[in-house]
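Participant: Starting off with a structure, shown below.
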Amino acid sequence: MDKTSKLLAEMDPTLVIENEVLFLDNVNEMERLSAIAPVKMDYNAIVICRHGRLMLELGGSQQVKVASGQLLLVPAQKLMQPMMVSTDIDVSALLVSDRVFKLVLGAQIDIWNRAMYLHETYVVDIQRWSETLHSHAHSIFRGEKLELFKEFVLASLRIFLLIICEELLRLGGGQQAVGEGAESCNREKLLFNRFLELLRHERQKKQQVAYYAERLCITPKYLSTVCHNVSGKSPMHWIADGVMEDSYALLCNTDLTVKEIAHRLGFPNSSFFGQYFRAQAGVTPLMYRTKYRNRL
């Protein structure tokens, strides 16, 4: 078990439903997280900042600031590294598995996926919804014993997520791009979401487009068309994003050698991995690791 997994295992959730919905109240472990390696979880995370400030790095390169009265939204398998946590921080976190997330949101999952993957809208303001969210969090998620407790939680979770989707739509993070609707049908959006899901959970993401197309039961050419129509980007762009996030996590979160990391990620050798990494990040894997450790 790596340091991040060990820390997450030590957390004491206020609520747990079959390890698929976790509510952590007063999660001041953020200070502990900031002192160790980045976090990459199997859960979609919604961090509620009630007081204080956070600064994080998402995906190994993008800095995100979160202030009091805001929500931090992090999709499953997204690399998250706390960089600054104020001393007066007061946050809670809701962690939801992909399965439950899709079950609860239904067709609105497309709003979330567009905001997270196409527009990278990770922070939303919740001032006008604060009383509603606070009421739901403390009346339902606190773990009160009810006969229909699971059903209450899932229904409340849907309201909570719909409020977030409403804010994402208001910000434009969940909207289709101009002109996109004429080209992208519901089937294409569904296939694109399935492609992203496959990619998130693939241990060795450095695969050819044909590999993912076969698992989706479509041709590589059609997968390329789908990705371009829905996102404006190629399948290889999304594959490269996934490979780099895994690379960042392994370089920062483990003591594996570059050769061992290359093997784990499916590269034929460390030289090829080094060339690939430098082309994407602008530095070598060892330079990235050194830079990360020097700022701790």
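By order of appearance in the structure tokens: chains A, B, ..., then residues from 1 within every chain, and ligands from 1 in the order shown.
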Could you pull the residues within 9 Å of Gln280 (chain A), counting only C-alpha atoms, minus those fewer than 5 positions along the same chain, as a list in words?
Facilitator: Ala240, Asp241, Met244 and Gln275 of chain A
Participant: Near Thr284 (chain A), within 7 Å and counting only C-alpha atoms, which residues show up once chain neighbours fewer than 6 positions away are dropped, as a ChimeraX atom specification?
Facilitator: /A:274,277-278
Participant: What's around Leu118 (chain A) at 8 Å? Count only C-alpha atoms, leave out sequence neighbours fewer than 4 positions away in its own chain, and write the answer as a list in words.
Facilitator: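 What passes the distance filter is Asn113, Arg114 and Ser231 of chain A.
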Participant: Just want the 10 Å neighbourhood of Glu197 (chain A), counted on only C-alpha atoms, with same-chain residues fewer than 4 positions away dropped. Output as JSON, numbers by chain.
Facilitator: {"A": [76, 77, 98, 191, 192, 193, 201, 202]}
Participant: Using only N, CA, C and O atoms, please write the residues we just selected to a file, as a short mmCIF file (atom, residue, chain, number, x, y, z; two decimals), in the first residue's frame.
Facilitator:
```cif
data_model
loop_
_atom_site.label_atom_id
_atom_site.label_comp_id
_atom_site.auth_asym_id
_atom_site.auth_seq_id
_atom_site.Cartn_x
_atom_site.Cartn_y
_atom_site.Cartn_z
N ALA A 76 -12.99 11.17 -10.81
CA ALA A 76 -12.25 9.96 -10.41
C ALA A 76 -10.97 9.83 -11.23
O ALA A 76 -10.94 10.12 -12.42
N GLN A 77 -9.93 9.37 -10.56
CA GLN A 77 -8.63 9.11 -11.17
C GLN A 77 -7.88 10.37 -11.61
O GLN A 77 -6.88 10.29 -12.31
N ASP A 98 -17.69 5.87 -9.33
CA ASP A 98 -18.20 6.11 -10.68
C ASP A 98 -19.56 5.44 -10.89
O ASP A 98 -20.45 6.01 -11.53
N LEU A 191 -20.69 7.18 -26.36
CA LEU A 191 -19.44 6.48 -26.69
C LEU A 191 -18.23 7.22 -26.15
O LEU A 191 -17.28 6.61 -25.64
N PHE A 192 -18.24 8.53 -26.25
CA PHE A 192 -17.12 9.33 -25.74
C PHE A 192 -17.00 9.16 -24.22
O PHE A 192 -15.89 8.99 -23.69
N ASN A 193 -18.12 9.21 -23.52
CA ASN A 193 -18.09 9.02 -22.07
C ASN A 193 -17.59 7.63 -21.70
O ASN A 193 -16.83 7.47 -20.74
N HIS A 201 -9.77 3.79 -16.07
CA HIS A 201 -9.55 2.57 -15.30
C HIS A 201 -8.54 1.62 -15.94
O HIS A 201 -8.30 0.53 -15.42
N GLU A 202 -7.92 2.02 -17.04
CA GLU A 202 -6.92 1.20 -17.69
C GLU A 202 -5.58 1.37 -16.98
O GLU A 202 -5.09 2.48 -16.81
#
```
Participant: List every residue of region 49-282 of chain A that DSSP, applied to the backbone of this structure, assigns to helix (DSSP H, G or I), and report them as a ChimeraX atom specification.
Facilitator: /A:98-118,127-139,149-171,186-201,209-215,220-231,235-253,258-265,270-281
Participant: Looking at only C-alpha atoms, which of A:Thr257, A:Ser270, A:Ser156, A:Ser86 is the one that sits closest to Val66 (chain A)?
Facilitator: A:Ser86
Participant: May I have the residues within 12 Å of Leu199 (chain A) as a ChimeraX atom specification, using only C-alpha atoms and disregarding those fewer than 6 positions away in the same chain?
Facilitator: /A:76-78,192-193,205-209,211-213,215-216,235-243,245-246
